[in-house]
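Asks: Mind looking over this structure? Questions follow.
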Amino acid sequence: MIRVTADGFDAGAEANRFAASHTDVGAMVTFTGLVRSLPNDPILALILECYEELATNELAALREQAISRFGLTDAAIIHRHGRLVPGETIMMVMTLAPHRKAAFEGAQFLMDYLKTDAPFWKQEETATGARWVVTMPKDKDARSRWIG
Amino acid sequence: MIRVTADGFDAGAEANRFAASHTDVGAMVTFTGLVRSLPNDPILALILECYEELATNELAALREQAISRFGLTDAAIIHRHGRLVPGETIMMVMTLAPHRKAAFEGAQFLMDYLKTDAPFWKQEETATGARWVVTMPKDKDARSRWIG
Amino acid sequence: MKVLYFAWLRERLNRASDEVAPPAEVQTLADLVSWLRSRDEALDYAMADPSIFKLSRDARIVPWDTPLDGAQTVAILPPMTGG
Amino acid sequence: MKVLYFAWLRERLNRASDEVAPPAEVQTLADLVSWLRSRDEALDYAMADPSIFKLSRDARIVPWDTPLDGAQTVAILPPMTGG
């Protein structure tokens, strides 16, 4: 399941539904990305811009790749766009597998690629204006470990 | 939070509560272990025996260790014992951290140790009787990667 | 052909898209980027380090040397920050 | 002192615990296991490969060479299969 949406979603309810959607699985891993506001660097909101058609296509391809590479029973990605306030869920990745190793690796793989290859752009809204979030070099490193 | 219990629990609701318990976190990882029944090797139930006092102590120590080692904001473990049927949630590990790497590694560390150092013993109830689940050598290997 | 701009690239250009008709010698996406830059100083300046951008062709990310081959929509994508 | 047995070890011995009073020369948990095995053929047989077992002392897992040191409860733990 791939969902690119401007609407909020209930991460716990999604995880329960996903777990219940398959029998003969032993392991589920979820990753949830949350809007964070630090006391010494507070933000009012996170604004996510998205190229929706491309996001849907790339996330679907990424999901297929993770399923076949790690032998997952299933994988799902939900990603929001629009304006989100601190504490809100930005996105969620879920994997189901017979064993925990595949479930963990599949979820990490999805996150690493999603960070660099999914067409979303974050802007932080602060008291003094808005600023674009810059890619972390560590995100490129994280992704490169899956190559070859 | 550590909970060793004979009662069922709602994994999604627990995850939502855990995520909402802290601000200034960006990443949550959950691992959920589910009772699995394979078509070619069906089980009626999984019966978990537990040394409850020791489990509570060891899981609490493990949680502290994971928090300090990976710089987690928080970690939680819920583990059931008693008789569980296929599809039920056996246990759940949750981690909250500023960034995804720590959240993933903390959850994997907790799972690897929990598999070999938490006093729970699984018995599979099948149509022809009950059998004790045997430790997988791969579980020992998984744990050893965190040493040194 | 439609060209889409996103995030800070969109802001710098003050528009989200262009409708263009590149000449026949523009064969690949890389050619298209060069041609667009030659016609637009703001774009040329914004793409001073082209290596940080990815390109999409009809809503799929593709390598820069991919032929245009009748593409309807090309997007120029600044470094992504999803997740 | 109470000694607890779990899972298949408990089943093989047909009991979950023993109340014992080891002699003074039993100093460590390892000594206790040797002493218990010397008095109980079923336990001796079940623990033929002692390396697979862990031991706990007053509800904490400790190394085999830990002194008993007034322990109230010792448990002999077959390989765990939680998670």
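Residue numbering restarts at 1 in every chain; chains get A, B, ... in the order shown in the structure tokens, and ligands count up from 1 in that same order.
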Take chain B, superimpose it onto chain A by least squares using every C-alpha atom paired in sequence order, and output the result as a short mmCIF file (atom, residue, chain, number, x, y, z; two decimals) with C-alpha atoms, in the first residue's frame.
Replies:
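File written: superposed_22.cif
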```cif
data_model
loop_
_atom_site.label_atom_id
_atom_site.label_comp_id
_atom_site.auth_asym_id
_atom_site.auth_seq_id
_atom_site.Cartn_x
_atom_site.Cartn_y
_atom_site.Cartn_z
CA MET B 1 0.00 0.01 0.00
CA ILE B 2 1.25 3.44 -1.02
CA ARG B 3 -0.57 6.58 0.06
CA VAL B 4 0.52 10.15 -0.65
CA THR B 5 -1.92 12.45 1.06
CA ALA B 6 -2.58 15.90 2.47
CA ASP B 7 -4.74 14.36 5.19
CA GLY B 8 -3.65 13.34 8.64
CA PHE B 9 -3.72 9.64 9.54
CA ASP B 10 -3.76 7.50 12.68
CA ALA B 11 -0.42 5.69 12.70
CA GLY B 12 -1.46 3.14 15.32
CA ALA B 13 -4.68 2.25 13.52
CA GLU B 14 -2.77 1.89 10.24
CA ALA B 15 -0.25 -0.43 11.90
CA ASN B 16 -3.00 -2.58 13.41
CA ARG B 17 -4.78 -2.84 10.06
CA PHE B 18 -1.52 -3.70 8.29
CA ALA B 19 -0.60 -6.40 10.84
CA ALA B 20 -4.08 -7.92 10.52
CA SER B 21 -3.92 -7.98 6.72
CA HIS B 22 -1.70 -11.09 6.60
CA THR B 23 -1.52 -14.35 8.44
CA ASP B 24 1.72 -16.37 8.54
CA VAL B 25 3.89 -13.39 9.39
CA GLY B 26 5.92 -13.24 12.58
CA ALA B 27 7.43 -9.79 12.50
CA MET B 28 6.29 -6.25 11.84
CA VAL B 29 8.50 -3.18 11.89
CA THR B 30 7.16 0.35 11.65
CA PHE B 31 9.01 3.62 11.29
CA THR B 32 7.14 6.82 12.04
CA GLY B 33 8.55 10.27 11.26
CA LEU B 34 7.23 13.02 13.52
CA VAL B 35 7.40 16.80 13.26
CA ARG B 36 9.92 17.84 15.86
CA SER B 37 10.34 21.21 17.54
CA LEU B 38 13.43 21.71 19.69
CA PRO B 39 13.29 24.04 22.70
CA ASN B 40 16.38 25.94 21.48
CA ASP B 41 15.22 26.02 17.85
CA PRO B 42 11.43 25.95 17.84
CA ILE B 43 9.40 25.70 14.65
CA LEU B 44 5.74 26.58 14.19
CA ALA B 45 5.14 24.12 11.39
CA LEU B 46 6.70 21.94 8.73
CA ILE B 47 5.46 22.55 5.21
CA LEU B 48 5.94 19.67 2.81
CA GLU B 49 5.89 20.28 -0.90
CA CYS B 50 5.35 17.24 -3.08
CA TYR B 51 5.32 16.18 -6.73
CA GLU B 52 2.44 13.83 -6.12
CA GLU B 53 2.39 11.76 -9.31
CA LEU B 54 6.15 11.19 -9.18
CA ALA B 55 6.01 10.42 -5.44
CA THR B 56 3.36 7.77 -5.99
CA ASN B 57 5.34 6.16 -8.81
CA GLU B 58 8.70 6.20 -7.02
CA LEU B 59 7.31 4.95 -3.71
CA ALA B 60 5.49 2.12 -5.49
CA ALA B 61 8.72 1.10 -7.27
CA LEU B 62 10.67 1.33 -4.02
CA ARG B 63 8.10 -0.83 -2.24
CA GLU B 64 8.31 -3.55 -4.93
CA GLN B 65 12.10 -3.45 -4.72
CA ALA B 66 12.10 -3.84 -0.93
CA ILE B 67 9.62 -6.71 -1.03
CA SER B 68 11.67 -8.72 -3.51
CA ARG B 69 15.09 -7.84 -2.10
CA PHE B 70 14.32 -8.73 1.52
CA GLY B 71 11.62 -11.35 0.97
CA LEU B 72 8.98 -9.27 2.72
CA THR B 73 5.41 -10.47 2.97
CA ASP B 74 4.26 -6.89 2.49
CA ALA B 75 5.36 -3.28 2.81
CA ALA B 76 3.47 -0.01 3.04
CA ILE B 77 4.35 3.67 2.86
CA ILE B 78 2.16 6.59 3.88
CA HIS B 79 3.54 10.10 3.33
CA ARG B 80 1.84 13.39 4.01
CA HIS B 81 2.32 16.76 2.38
CA GLY B 82 1.03 20.21 3.26
CA ARG B 83 1.37 22.05 6.57
CA LEU B 84 2.03 19.96 9.70
CA VAL B 85 2.51 21.12 13.26
CA PRO B 86 4.96 19.69 15.85
CA GLY B 87 3.94 16.25 17.08
CA GLU B 88 2.08 15.36 13.87
CA THR B 89 3.04 12.27 11.90
CA ILE B 90 4.84 13.11 8.65
CA MET B 91 5.17 9.63 7.27
CA MET B 92 5.20 5.98 8.09
CA VAL B 93 6.88 2.90 6.67
CA MET B 94 5.70 -0.61 7.63
CA THR B 95 7.11 -4.02 6.79
CA LEU B 96 5.81 -7.52 7.46
CA ALA B 97 8.04 -10.58 7.21
CA PRO B 98 8.37 -14.11 8.55
CA HIS B 99 11.38 -13.04 10.65
CA ARG B 100 12.65 -9.87 12.26
CA LYS B 101 15.87 -9.43 10.27
CA ALA B 102 14.04 -8.97 6.96
CA ALA B 103 11.42 -6.73 8.55
CA PHE B 104 14.08 -4.43 10.05
CA GLU B 105 16.29 -4.35 6.97
CA GLY B 106 13.35 -3.75 4.64
CA ALA B 107 12.16 -0.81 6.72
CA GLN B 108 15.64 0.71 6.89
CA PHE B 109 16.14 0.29 3.16
CA LEU B 110 12.81 2.00 2.45
CA MET B 111 13.68 4.90 4.76
CA ASP B 112 17.17 5.36 3.33
CA TYR B 113 15.89 5.57 -0.25
CA LEU B 114 12.83 7.58 0.63
CA LYS B 115 15.03 10.26 2.21
CA THR B 116 16.91 10.87 -1.02
CA ASP B 117 14.63 9.65 -3.84
CA ALA B 118 11.07 10.59 -2.89
CA PRO B 119 10.04 13.99 -4.26
CA PHE B 120 9.14 15.78 -1.04
CA TRP B 121 10.71 19.02 0.12
CA LYS B 122 10.47 20.30 3.67
CA GLN B 123 10.25 23.90 4.73
CA GLU B 124 10.39 24.91 8.38
CA GLU B 125 8.11 27.72 9.43
CA THR B 126 9.59 29.67 12.34
CA ALA B 127 8.67 32.89 14.13
CA THR B 128 11.05 34.75 11.80
CA GLY B 129 10.01 33.17 8.50
CA ALA B 130 10.37 29.99 6.50
CA ARG B 131 13.54 28.10 5.55
CA TRP B 132 14.11 25.09 3.31
CA VAL B 133 15.49 22.00 5.00
CA VAL B 134 18.84 20.98 3.53
CA THR B 135 19.75 17.34 2.70
CA MET B 136 22.00 15.76 5.24
CA PRO B 137 25.16 14.23 3.75
CA LYS B 138 24.53 11.31 6.14
CA ASP B 139 21.35 10.54 4.21
CA LYS B 140 23.38 9.97 1.06
CA ASP B 141 25.76 7.75 3.02
CA ALA B 142 22.87 5.77 4.48
CA ARG B 143 21.53 5.07 1.03
CA SER B 144 24.88 4.10 -0.48
CA ARG B 145 25.29 1.13 1.87
CA TRP B 146 22.58 -0.76 -0.06
CA ILE B 147 24.33 -0.45 -3.41
CA GLY B 148 26.26 -3.34 -4.96
#
```
Asks: As a list in words, please: every residue in segment 64-106 of chain A that DSSP puts in alpha helix (DSSP H).
Replies: Glu64, Gln65, Ala66, Ile67, Ser68, Arg69, Phe70, Arg100, Lys101, Ala102, Ala103, Phe104, Glu105 and Gly106 of chain A
Asks: Skipping near chain neighbours, those fewer than 2 positions away, what residues fall within 6 Å of Leu4 of chain D using only C-alpha atoms, listed as a compact mmCIF listing (two decimals) with N, CA and C atoms, in the first residue's frame?
Replies:
```
# COMPACT_ATOMS: atom_id res chain seq x y z
N ALA D 16 8.59 -27.68 39.56
CA ALA D 16 9.00 -26.32 39.20
C ALA D 16 10.07 -25.77 40.13
N SER D 17 10.24 -26.38 41.29
CA SER D 17 11.23 -25.86 42.24
C SER D 17 11.65 -26.90 43.27
N ALA D 75 17.73 -19.70 39.88
CA ALA D 75 16.97 -20.37 38.83
C ALA D 75 17.91 -20.92 37.77
```
Asks: Just checking: using only C-alpha atoms, which residue out of D:Ala42, D:Leu55, D:Lys2, D:Arg37 ends up closest to Gly70 of chain D?
Replies: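 Comparing D:Ala42, D:Leu55, D:Lys2, D:Arg37 against Gly70 of chain D, the winner is D:Lys2.
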Asks: List every residue of chain D that DSSP, applied to the backbone, labels as strand (DSSP E or B), and write the result as a list in words.
Replies: Lys2, Val3, Leu4, Tyr5, Ser17, Asp18, Glu19, Thr28, Lys54, Leu55, Ser56, Arg57, Arg60, Ile61, Val62, Pro67, Thr73, Val74, Ala75, Ile76 and Leu77 of chain D
Asks: Export, as a PDB file, in the first residue's frame, the selected residues with C-alpha atoms.
Replies:
```pdb
ATOM      1  CA  LYS D   2      14.838 -22.076  46.578  1.00  0.00           C
ATOM      2  CA  VAL D   3      15.897 -23.465  43.190  1.00  0.00           C
ATOM      3  CA  LEU D   4      13.583 -22.832  40.232  1.00  0.00           C
ATOM      4  CA  TYR D   5      13.311 -24.854  37.023  1.00  0.00           C
ATOM      5  CA  SER D  17      11.225 -25.857  42.245  1.00  0.00           C
ATOM      6  CA  ASP D  18      13.219 -27.388  45.069  1.00  0.00           C
ATOM      7  CA  GLU D  19      13.867 -26.173  48.570  1.00  0.00           C
ATOM      8  CA  THR D  28      29.227 -20.310  43.850  1.00  0.00           C
ATOM      9  CA  LYS D  54      21.984 -19.496  32.204  1.00  0.00           C
ATOM     10  CA  LEU D  55      21.591 -18.969  35.911  1.00  0.00           C
ATOM     11  CA  SER D  56      19.862 -16.285  37.922  1.00  0.00           C
ATOM     12  CA  ARG D  57      20.439 -15.260  41.507  1.00  0.00           C
ATOM     13  CA  ARG D  60      19.012 -11.265  38.057  1.00  0.00           C
ATOM     14  CA  ILE D  61      20.975 -13.238  35.451  1.00  0.00           C
ATOM     15  CA  VAL D  62      24.552 -13.613  36.689  1.00  0.00           C
ATOM     16  CA  PRO D  67      29.117 -16.428  44.835  1.00  0.00           C
ATOM     17  CA  THR D  73      16.408 -17.926  44.982  1.00  0.00           C
ATOM     18  CA  VAL D  74      18.482 -19.435  42.193  1.00  0.00           C
ATOM     19  CA  ALA D  75      16.965 -20.367  38.825  1.00  0.00           C
ATOM     20  CA  ILE D  76      18.301 -22.697  36.164  1.00  0.00           C
ATOM     21  CA  LEU D  77      17.273 -21.291  32.796  1.00  0.00           C
TER      22      LEU D  77
END
```
Asks: Atom CA of Pro78 of chain D and atom CA of Leu43 of chain D, how far apart in Å?
Replies: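 Computing the Euclidean distance for atom CA of Leu43 of chain D and atom CA of Pro78 of chain D yields 12.1 Å.
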Asks: Taking only C-alpha atoms into account and nothing else, which residues of chain D lie no more than 6 Å away from chain B? Please answer as a PDB file with all heavy atoms, in the first residue's frame.
Replies:
```
ATOM      1  N   ALA D  59      16.639 -13.220  41.078  1.00  0.00           N
ATOM      2  CA  ALA D  59      15.962 -12.572  39.941  1.00  0.00           C
ATOM      3  C   ALA D  59      16.830 -11.626  39.108  1.00  0.00           C
ATOM      4  O   ALA D  59      16.352 -10.618  38.582  1.00  0.00           O
ATOM      5  CB  ALA D  59      14.673 -11.879  40.390  1.00  0.00           C
ATOM      6  N   ARG D  60      18.127 -11.919  39.038  1.00  0.00           N
ATOM      7  CA  ARG D  60      19.012 -11.265  38.057  1.00  0.00           C
ATOM      8  C   ARG D  60      19.886 -12.330  37.429  1.00  0.00           C
ATOM      9  O   ARG D  60      20.415 -13.196  38.153  1.00  0.00           O
ATOM     10  CB  ARG D  60      19.921 -10.206  38.736  1.00  0.00           C
ATOM     11  CG  ARG D  60      19.209  -8.927  39.137  1.00  0.00           C
ATOM     12  CD  ARG D  60      18.408  -8.271  38.012  1.00  0.00           C
ATOM     13  NE  ARG D  60      19.174  -8.026  36.789  1.00  0.00           N
ATOM     14  CZ  ARG D  60      19.753  -6.861  36.523  1.00  0.00           C
ATOM     15  NH1 ARG D  60      19.665  -5.844  37.358  1.00  0.00           N
ATOM     16  NH2 ARG D  60      20.415  -6.705  35.399  1.00  0.00           N
ATOM     17  N   MET D  80      16.538 -19.415  26.223  1.00  0.00           N
ATOM     18  CA  MET D  80      15.305 -18.641  26.197  1.00  0.00           C
ATOM     19  C   MET D  80      14.828 -18.437  24.764  1.00  0.00           C
ATOM     20  O   MET D  80      15.634 -18.346  23.849  1.00  0.00           O
ATOM     21  CB  MET D  80      15.541 -17.307  26.893  1.00  0.00           C
ATOM     22  CG  MET D  80      16.067 -17.526  28.314  1.00  0.00           C
ATOM     23  SD  MET D  80      16.736 -16.023  29.036  1.00  0.00           S
ATOM     24  CE  MET D  80      17.844 -16.716  30.279  1.00  0.00           C
ATOM     25  N   THR D  81      13.539 -18.361  24.602  1.00  0.00           N
ATOM     26  CA  THR D  81      12.971 -18.235  23.262  1.00  0.00           C
ATOM     27  C   THR D  81      11.862 -17.182  23.244  1.00  0.00           C
ATOM     28  O   THR D  81      10.800 -17.375  22.643  1.00  0.00           O
ATOM     29  CB  THR D  81      12.424 -19.600  22.773  1.00  0.00           C
ATOM     30  OG1 THR D  81      11.527 -20.129  23.773  1.00  0.00           O
ATOM     31  CG2 THR D  81      13.534 -20.601  22.557  1.00  0.00           C
ATOM     32  N   GLY D  82      12.134 -16.067  23.921  1.00  0.00           N
ATOM     33  CA  GLY D  82      11.159 -14.976  23.922  1.00  0.00           C
ATOM     34  C   GLY D  82      11.234 -14.159  22.644  1.00  0.00           C
ATOM     35  O   GLY D  82      11.932 -14.515  21.696  1.00  0.00           O
ATOM     36  N   GLY D  83      10.522 -13.067  22.639  1.00  0.00           N
ATOM     37  CA  GLY D  83      10.586 -12.129  21.510  1.00  0.00           C
ATOM     38  C   GLY D  83       9.576 -12.468  20.434  1.00  0.00           C
ATOM     39  O   GLY D  83       8.883 -13.455  20.508  1.00  0.00           O
TER      40      GLY D  83
END
```
Asks: Would you mind reading off the distance between atom CA of Pro22 of chain D and atom CA of Leu9 of chain D, one decimal, in Å?
Replies: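 The value is 20.5 Å.
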Asks: Atom CA of Pro79 of chain C and atom CA of Pro63 of chain C, how far apart in Å?
Replies: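 Atom-to-atom, atom CA of Pro63 of chain C to atom CA of Pro79 of chain C, that is 14.7 Å.
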